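*Asks:* Here you go, query18.cif (mmCIF, C-alpha atoms and all ligand atoms):
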```
data_target
loop_
_atom_site.label_atom_id
_atom_site.label_comp_id
_atom_site.auth_asym_id
_atom_site.auth_seq_id
_atom_site.Cartn_x
_atom_site.Cartn_y
_atom_site.Cartn_z
CA MET A 1 0.00 0.00 0.00
CA ARG A 2 1.40 3.37 -1.00
CA MET A 3 1.44 6.02 1.76
CA TYR A 4 0.73 9.68 1.21
CA GLY A 5 3.86 11.43 -0.12
CA GLU A 6 5.49 8.14 -1.08
CA ASP A 7 6.13 7.50 -4.77
CA ALA A 8 6.17 4.21 -6.65
CA SER A 9 9.99 4.06 -6.86
CA THR A 10 10.31 4.10 -3.03
CA GLU A 11 7.84 1.23 -2.87
CA GLU A 12 9.89 -0.74 -5.43
CA ASP A 13 13.12 -0.03 -3.50
CA ILE A 14 11.60 -1.41 -0.28
CA PHE A 15 10.33 -4.47 -2.14
CA GLN A 16 13.80 -5.01 -3.66
CA LEU A 17 15.41 -4.68 -0.19
CA LEU A 18 13.00 -7.26 1.24
CA VAL A 19 13.76 -9.68 -1.62
CA GLU A 20 17.53 -9.21 -1.11
CA LYS A 21 17.18 -9.68 2.67
CA GLU A 22 15.18 -12.88 2.16
CA GLY A 23 17.78 -14.12 -0.37
CA LYS A 24 20.66 -13.51 2.07
CA LYS A 25 18.75 -15.25 4.88
CA LYS A 26 18.12 -18.27 2.66
CA LYS A 27 21.80 -18.40 1.60
CA THR A 28 22.97 -18.21 5.24
CA GLN A 29 20.60 -21.06 6.21
CA ARG A 30 21.80 -23.16 3.25
CA ASP A 31 25.47 -22.51 4.10
CA GLU A 32 24.85 -23.49 7.74
CA ILE A 33 23.16 -26.78 6.74
CA LEU A 34 25.97 -27.65 4.29
CA LYS A 35 28.61 -26.79 6.92
CA SER A 36 26.92 -29.03 9.48
CA LEU A 37 27.04 -31.86 6.93
CA GLY A 38 30.69 -31.14 6.14
CA VAL A 39 29.90 -30.43 2.48
CA GLU A 40 31.81 -27.79 0.53
CA ARG A 41 30.26 -25.79 -2.31
CA PHE A 42 32.56 -25.68 -5.34
CA PHE A 43 30.04 -24.56 -7.96
CA ASP A 44 27.84 -21.53 -7.41
CA GLU A 45 25.68 -22.18 -10.43
CA GLY A 46 24.19 -25.33 -11.80
CA THR A 47 21.06 -27.31 -12.55
CA ILE A 48 19.95 -30.84 -11.78
CA THR A 49 17.07 -32.74 -13.36
CA ILE A 50 15.77 -36.27 -12.93
CA ASN A 51 13.86 -38.13 -15.61
CA GLN A 52 11.02 -39.55 -13.53
CA LYS A 53 9.95 -41.80 -16.41
CA THR A 54 13.18 -43.81 -16.47
CA CYS A 55 13.97 -43.56 -12.72
CA GLN A 56 13.61 -46.90 -10.88
CA GLY A 57 12.38 -45.08 -7.77
CA LEU A 58 11.61 -47.18 -4.71
CA GLU A 59 13.37 -50.18 -6.22
CA CYS A 60 16.59 -48.21 -6.13
CA GLU A 61 16.92 -44.96 -4.13
CA LEU A 62 20.71 -45.16 -4.53
CA CYS A 63 20.97 -41.44 -5.29
CA ILE A 64 19.16 -40.54 -2.04
CA LYS A 65 21.51 -42.73 -0.03
CA THR A 66 24.58 -41.30 -1.78
CA CYS A 67 23.82 -37.56 -1.81
CA PRO A 68 26.19 -35.90 0.72
CA SER A 69 24.04 -32.80 1.17
CA LYS A 70 20.64 -34.53 1.58
CA ALA A 71 19.33 -32.70 -1.47
CA LEU A 72 17.35 -35.72 -2.69
CA TYR A 73 14.32 -37.25 -1.00
CA TRP A 74 11.32 -39.45 -1.65
CA LYS A 75 8.18 -37.48 -2.39
CA ASP A 76 4.75 -38.62 -3.66
CA GLY A 77 6.08 -41.64 -5.53
CA GLU A 78 9.12 -39.97 -7.05
CA ILE A 79 12.53 -38.50 -6.22
CA GLY A 80 12.26 -34.89 -5.07
CA ILE A 81 15.13 -32.37 -5.31
CA LEU A 82 15.99 -29.58 -2.87
CA GLU A 83 17.93 -27.54 -5.42
CA ASP A 84 19.19 -25.11 -2.78
CA LEU A 85 21.12 -27.92 -1.11
CA CYS A 86 22.56 -29.48 -4.26
CA VAL A 87 26.27 -28.73 -4.70
CA TYR A 88 26.39 -30.37 -8.18
CA CYS A 89 29.05 -32.85 -7.05
CA GLY A 90 27.84 -35.58 -9.43
CA ALA A 91 27.81 -38.42 -6.86
CA CYS A 92 24.17 -39.22 -7.69
CA VAL A 93 24.95 -39.53 -11.43
CA LEU A 94 27.92 -41.77 -10.64
CA CYS A 95 25.74 -44.25 -8.72
CA CYS A 96 22.54 -44.04 -10.79
CA ILE A 97 21.65 -47.37 -12.37
CA VAL A 98 19.99 -45.72 -15.40
CA ASP A 99 22.02 -43.76 -17.96
CA ASP A 100 20.72 -40.25 -18.73
CA CYS A 101 18.29 -40.34 -15.79
CA ILE A 102 19.95 -37.64 -13.68
CA ARG A 103 21.47 -34.73 -15.61
CA ILE A 104 23.75 -32.13 -14.04
CA THR A 105 25.03 -28.95 -15.62
CA ARG A 106 27.45 -26.85 -13.59
CA LYS A 107 29.52 -23.73 -14.09
CA ARG A 108 33.14 -23.43 -12.97
CA SER A 109 34.69 -20.24 -11.56
CA ASN A 110 36.35 -19.65 -14.97
CA ALA A 111 32.81 -19.66 -16.49
CA ALA A 112 33.39 -23.03 -18.24
CA THR A 113 30.31 -25.24 -18.10
CA GLU A 114 30.14 -29.03 -18.05
CA SER A 115 27.15 -31.29 -18.34
CA PHE A 116 26.90 -35.01 -17.58
CA SER A 117 24.25 -37.70 -17.17
CA LYS A 118 26.14 -41.03 -17.10
CA PRO A 119 28.62 -42.58 -14.62
CA SER A 120 31.21 -42.75 -17.44
CA ASP A 121 30.81 -38.96 -17.97
CA VAL A 122 31.57 -38.33 -14.28
CA ILE A 123 34.69 -40.52 -14.44
CA LEU A 124 35.83 -38.65 -17.54
CA VAL A 125 35.34 -35.24 -15.84
CA CYS A 126 37.31 -36.47 -12.78
CA ARG A 127 40.12 -37.74 -15.03
CA LYS A 128 40.31 -34.37 -16.78
CA ILE A 129 40.45 -32.58 -13.42
CA ASN A 130 43.22 -34.91 -12.21
CA ALA A 131 45.18 -34.45 -15.43
CA LYS A 132 44.84 -30.66 -15.11
CA LYS A 133 46.05 -30.77 -11.50
CA ARG A 134 49.02 -32.97 -12.45
CA HIS A 135 49.92 -30.53 -15.20
CA GLN A 136 49.74 -27.61 -12.74
CA VAL A 137 52.06 -29.45 -10.34
CA VAL A 138 54.58 -30.12 -13.12
CA GLU A 139 54.36 -26.49 -14.22
CA SER A 140 54.94 -25.25 -10.68
CA LEU A 141 57.99 -27.52 -10.34
CA SER A 142 59.62 -26.51 -13.60
CA SER A 143 58.94 -23.54 -15.79
CA ASP A 144 59.56 -25.39 -19.06
CA ALA A 145 59.86 -28.91 -20.48
CA GLU A 146 63.66 -28.74 -20.76
CA ALA A 147 64.09 -27.87 -17.10
CA TYR A 148 61.66 -30.61 -16.15
CA LEU A 149 63.55 -33.27 -18.17
CA LYS A 150 66.83 -32.11 -16.68
CA ARG A 151 65.46 -32.61 -13.22
CA TYR A 152 63.41 -35.80 -13.68
CA GLY A 153 64.42 -37.20 -17.08
S1 LIG B 201 24.84 -33.56 -7.45
FE1 LIG B 201 23.54 -35.21 -6.71
S2 LIG B 201 24.70 -36.14 -5.03
FE2 LIG B 201 25.65 -34.15 -5.44
S3 LIG B 201 24.62 -32.75 -4.04
FE3 LIG B 201 23.45 -32.68 -5.95
S4 LIG B 201 21.83 -34.16 -5.69
FE4 LIG B 201 23.36 -34.60 -4.14
S1 LIG B 202 19.75 -43.70 -8.56
FE1 LIG B 202 18.78 -43.18 -10.52
S2 LIG B 202 17.30 -44.82 -10.89
FE2 LIG B 202 17.91 -44.93 -8.75
S3 LIG B 202 16.32 -43.77 -7.67
FE3 LIG B 202 18.01 -42.36 -8.11
S4 LIG B 202 17.48 -41.39 -10.06
FE4 LIG B 202 16.20 -43.20 -9.85
#
```
How would this structure read if it were set down as structure tokens?
*Replies:*
Amino acid sequence: MRMYGEDASTEEDIFQLLVEKEGKKKKTQRDEILKSLGVERFFDEGTITINQKTCQGLECELCIKTCPSKALYWKDGEIGILEDLCVYCGACVLCCIVDDCIRITRKRSNAATESFSKPSDVILVCRKINAKKRHQVVESLSSDAEAYLKRYG
């Protein structure tokens, strides 16, 4: 309700402030829950979807048991997702018994995005990460290939 002497822009500002305040409160609550579970958040942005038609549901529930942040739960005959708690780690995709049932898309801090929906995809992503880390270690040890070979060749 607009008060006498108050214009529409003031009303919008207050609404915006309330939305921001609510957003911060939600983020703090989410961070506290994840901290209590010992889960770290590596990806700020991402999406997760589950194909309820191919999901084996009650017969399986492996993803629910595996999820470290308790983002998955059983709801009205299907797997429910608490997106706020999902950290896009990929553990659920890795253990899912149906290919392309769970799909995760996540954004890295360098803005690169990756998407996967099969256990083999997750293994491939992990291998790439490991290879990248190994390369970084080698680079930090020696500035160029010649120096590296001299030292370890
Ligand atoms: S990606 Fe899957 S296992 Fe990881 S937090 Fe999200 S729902 Fe849980
Ligand atoms: S692991 Fe895959 S098939 Fe099993 S309940 Fe979860 S989404 Fe469904």
*Asks:* Please identify all polymer residues lying at most 12 Å from the point (19.8, -44.7, -11.6) (file coordinates), using all atoms listed in the file, and present the result as an NGL selection string.
*Replies:* :A and (50-66 or 79 or 91-103 or 117-119)
*Asks:* Which residues form the shell of 8 Å around ligand LIG 201 (chain B) when you count all atoms listed in the file, given as JSON, numbers by chain?
*Replies:* {"A": [48, 63, 64, 66, 67, 68, 69, 70, 71, 72, 81, 82, 83, 85, 86, 87, 88, 89, 90, 91, 92, 93, 104]}
*Asks:* Give the answer as one residue: which of A:Asn130, A:Gln136, A:Thr49, A:Thr113 has the shortest atom-to-atom distance to ligand LIG 202 (chain B), using all atoms listed in the file?
*Replies:*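 Of A:Asn130, A:Gln136, A:Thr49, A:Thr113, the one nearest ligand LIG 202 (chain B) is A:Thr49, counting all atoms listed in the file.
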*Asks:* How many Å lie between CA of Asn110 (chain A) and CA of Phe43 (chain A), rounded to one decimal?
*Replies:*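 Going from CA of Asn110 (chain A) over to CA of Phe43 (chain A) covers 10.6 Å.
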*Asks:* Can you work out which one of A:Arg41, A:Lys75, A:Lys27, A:Lys21 has the shortest atom-to-atom distance to ligand LIG 202 (chain B), counting all atoms listed in the file?
*Replies:*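 Ranking A:Arg41, A:Lys75, A:Lys27, A:Lys21 by distance to ligand LIG 202 (chain B), first place goes to A:Lys75.
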*Asks:* Work out how far apart CA of Leu124 (chain A) and CA of Arg106 (chain A) are and give it in Å to one decimal.
*Replies:* 15.0 Å
*Asks:* To one decimal place in Å, what is the distance between CA of Ser36 (chain A) and CA of Val125 (chain A)?
*Replies:*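 Spanning CA of Ser36 (chain A) to CA of Val125 (chain A) is a straight-line distance of 27.4 Å.
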*Asks:* Closest to Glu114 (chain A) among A:Leu34, A:Val19, A:Lys128, A:Glu146, using only C-alpha atoms?
*Replies:*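 Nearest to Glu114 (chain A): A:Lys128.
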*Asks:* Between A:Gly46, A:Gly77, A:Lys133, A:Val122, which residue has the minimum interatomic distance to ligand LIG 202 (chain B), considering all atoms listed in the file?
*Replies:* A:Gly77
*Asks:* Taking only C-alpha atoms and all ligand atoms into account, name the residue in A:Gly80, A:Thr28, A:Asp121, A:Ser140 that is nearest to ligand LIG 202 (chain B).
*Replies:*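 Among the listed residues, A:Gly80 lies closest to ligand LIG 202 (chain B).
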*Asks:* Restore all heavy atoms in region 130-141 of chain A and list the result as a CSV table (one decimal), in the coordinates of the input.
*Replies:*
```
chain,number,residue,atom,x,y,z
A,130,ASN,N,42.0,-34.4,-12.7
A,130,ASN,CA,43.2,-34.9,-12.2
A,130,ASN,C,44.4,-34.6,-13.1
A,130,ASN,O,45.5,-34.2,-12.7
A,130,ASN,CB,43.1,-36.4,-12.0
A,130,ASN,CG,42.2,-36.8,-10.8
A,130,ASN,OD1,42.0,-35.9,-10.0
A,130,ASN,ND2,41.8,-38.0,-10.8
A,131,ALA,N,44.1,-34.7,-14.5
A,131,ALA,CA,45.2,-34.4,-15.4
A,131,ALA,C,45.6,-33.0,-15.4
A,131,ALA,O,46.8,-32.6,-15.4
A,131,ALA,CB,44.7,-34.8,-16.8
A,132,LYS,N,44.6,-32.1,-15.2
A,132,LYS,CA,44.8,-30.7,-15.1
A,132,LYS,C,45.7,-30.4,-13.9
A,132,LYS,O,46.6,-29.6,-13.9
A,132,LYS,CB,43.5,-29.9,-15.0
A,132,LYS,CG,43.6,-28.5,-15.5
A,132,LYS,CD,42.3,-27.9,-15.6
A,132,LYS,CE,42.4,-26.4,-15.6
A,132,LYS,NZ,41.1,-25.7,-15.4
A,133,LYS,N,45.3,-31.0,-12.8
A,133,LYS,CA,46.0,-30.8,-11.5
A,133,LYS,C,47.5,-31.3,-11.6
A,133,LYS,O,48.4,-30.6,-11.2
A,133,LYS,CB,45.4,-31.5,-10.3
A,133,LYS,CG,44.2,-30.7,-9.8
A,133,LYS,CD,43.7,-31.4,-8.5
A,133,LYS,CE,42.5,-30.6,-8.0
A,133,LYS,NZ,41.7,-31.4,-7.1
A,134,ARG,N,47.7,-32.4,-12.3
A,134,ARG,CA,49.0,-33.0,-12.4
A,134,ARG,C,49.9,-32.0,-13.3
A,134,ARG,O,51.0,-31.7,-13.0
A,134,ARG,CB,49.0,-34.3,-13.1
A,134,ARG,CG,48.6,-35.5,-12.2
A,134,ARG,CD,49.0,-36.8,-12.8
A,134,ARG,NE,48.3,-37.1,-14.0
A,134,ARG,CZ,47.1,-37.8,-14.1
A,134,ARG,NH1,46.6,-38.2,-13.0
A,134,ARG,NH2,46.5,-38.0,-15.2
A,135,HIS,N,49.2,-31.5,-14.3
A,135,HIS,CA,49.9,-30.5,-15.2
A,135,HIS,C,50.3,-29.3,-14.4
A,135,HIS,O,51.5,-28.8,-14.6
A,135,HIS,CB,49.0,-30.2,-16.4
A,135,HIS,CG,49.7,-29.4,-17.4
A,135,HIS,ND1,49.4,-28.0,-17.7
A,135,HIS,CD2,50.7,-29.7,-18.3
A,135,HIS,CE1,50.1,-27.6,-18.6
A,135,HIS,NE2,50.9,-28.6,-19.0
A,136,GLN,N,49.4,-28.8,-13.6
A,136,GLN,CA,49.7,-27.6,-12.7
A,136,GLN,C,50.9,-27.9,-11.8
A,136,GLN,O,51.8,-27.0,-11.6
A,136,GLN,CB,48.5,-27.2,-11.9
A,136,GLN,CG,47.5,-26.4,-12.8
A,136,GLN,CD,46.2,-26.3,-12.1
A,136,GLN,OE1,45.9,-26.9,-11.0
A,136,GLN,NE2,45.3,-25.5,-12.6
A,137,VAL,N,51.0,-29.1,-11.2
A,137,VAL,CA,52.1,-29.4,-10.3
A,137,VAL,C,53.4,-29.4,-11.1
A,137,VAL,O,54.4,-28.9,-10.7
A,137,VAL,CB,51.8,-30.8,-9.7
A,137,VAL,CG1,53.1,-31.3,-8.9
A,137,VAL,CG2,50.6,-30.8,-8.7
A,138,VAL,N,53.4,-30.1,-12.3
A,138,VAL,CA,54.6,-30.1,-13.1
A,138,VAL,C,55.0,-28.7,-13.5
A,138,VAL,O,56.2,-28.4,-13.4
A,138,VAL,CB,54.3,-31.0,-14.4
A,138,VAL,CG1,55.5,-30.8,-15.4
A,138,VAL,CG2,54.1,-32.4,-14.0
A,139,GLU,N,54.0,-27.9,-13.8
A,139,GLU,CA,54.4,-26.5,-14.2
A,139,GLU,C,55.0,-25.7,-13.0
A,139,GLU,O,55.9,-24.9,-13.2
A,139,GLU,CB,53.1,-25.8,-14.7
A,139,GLU,CG,52.9,-25.9,-16.2
A,139,GLU,CD,51.8,-24.9,-16.7
A,139,GLU,OE1,51.0,-24.5,-15.9
A,139,GLU,OE2,51.9,-24.6,-17.9
A,140,SER,N,54.4,-26.0,-11.8
A,140,SER,CA,54.9,-25.2,-10.7
A,140,SER,C,56.3,-25.7,-10.3
A,140,SER,O,57.1,-25.0,-9.7
A,140,SER,CB,54.0,-25.4,-9.5
A,140,SER,OG,54.1,-26.7,-9.0
A,141,LEU,N,56.7,-27.0,-10.7
A,141,LEU,CA,58.0,-27.5,-10.3
A,141,LEU,C,59.0,-27.0,-11.3
A,141,LEU,O,60.2,-26.7,-10.9
A,141,LEU,CB,58.0,-29.1,-10.4
A,141,LEU,CG,57.3,-29.8,-9.2
A,141,LEU,CD1,57.2,-31.2,-9.5
A,141,LEU,CD2,58.0,-29.5,-7.9
```
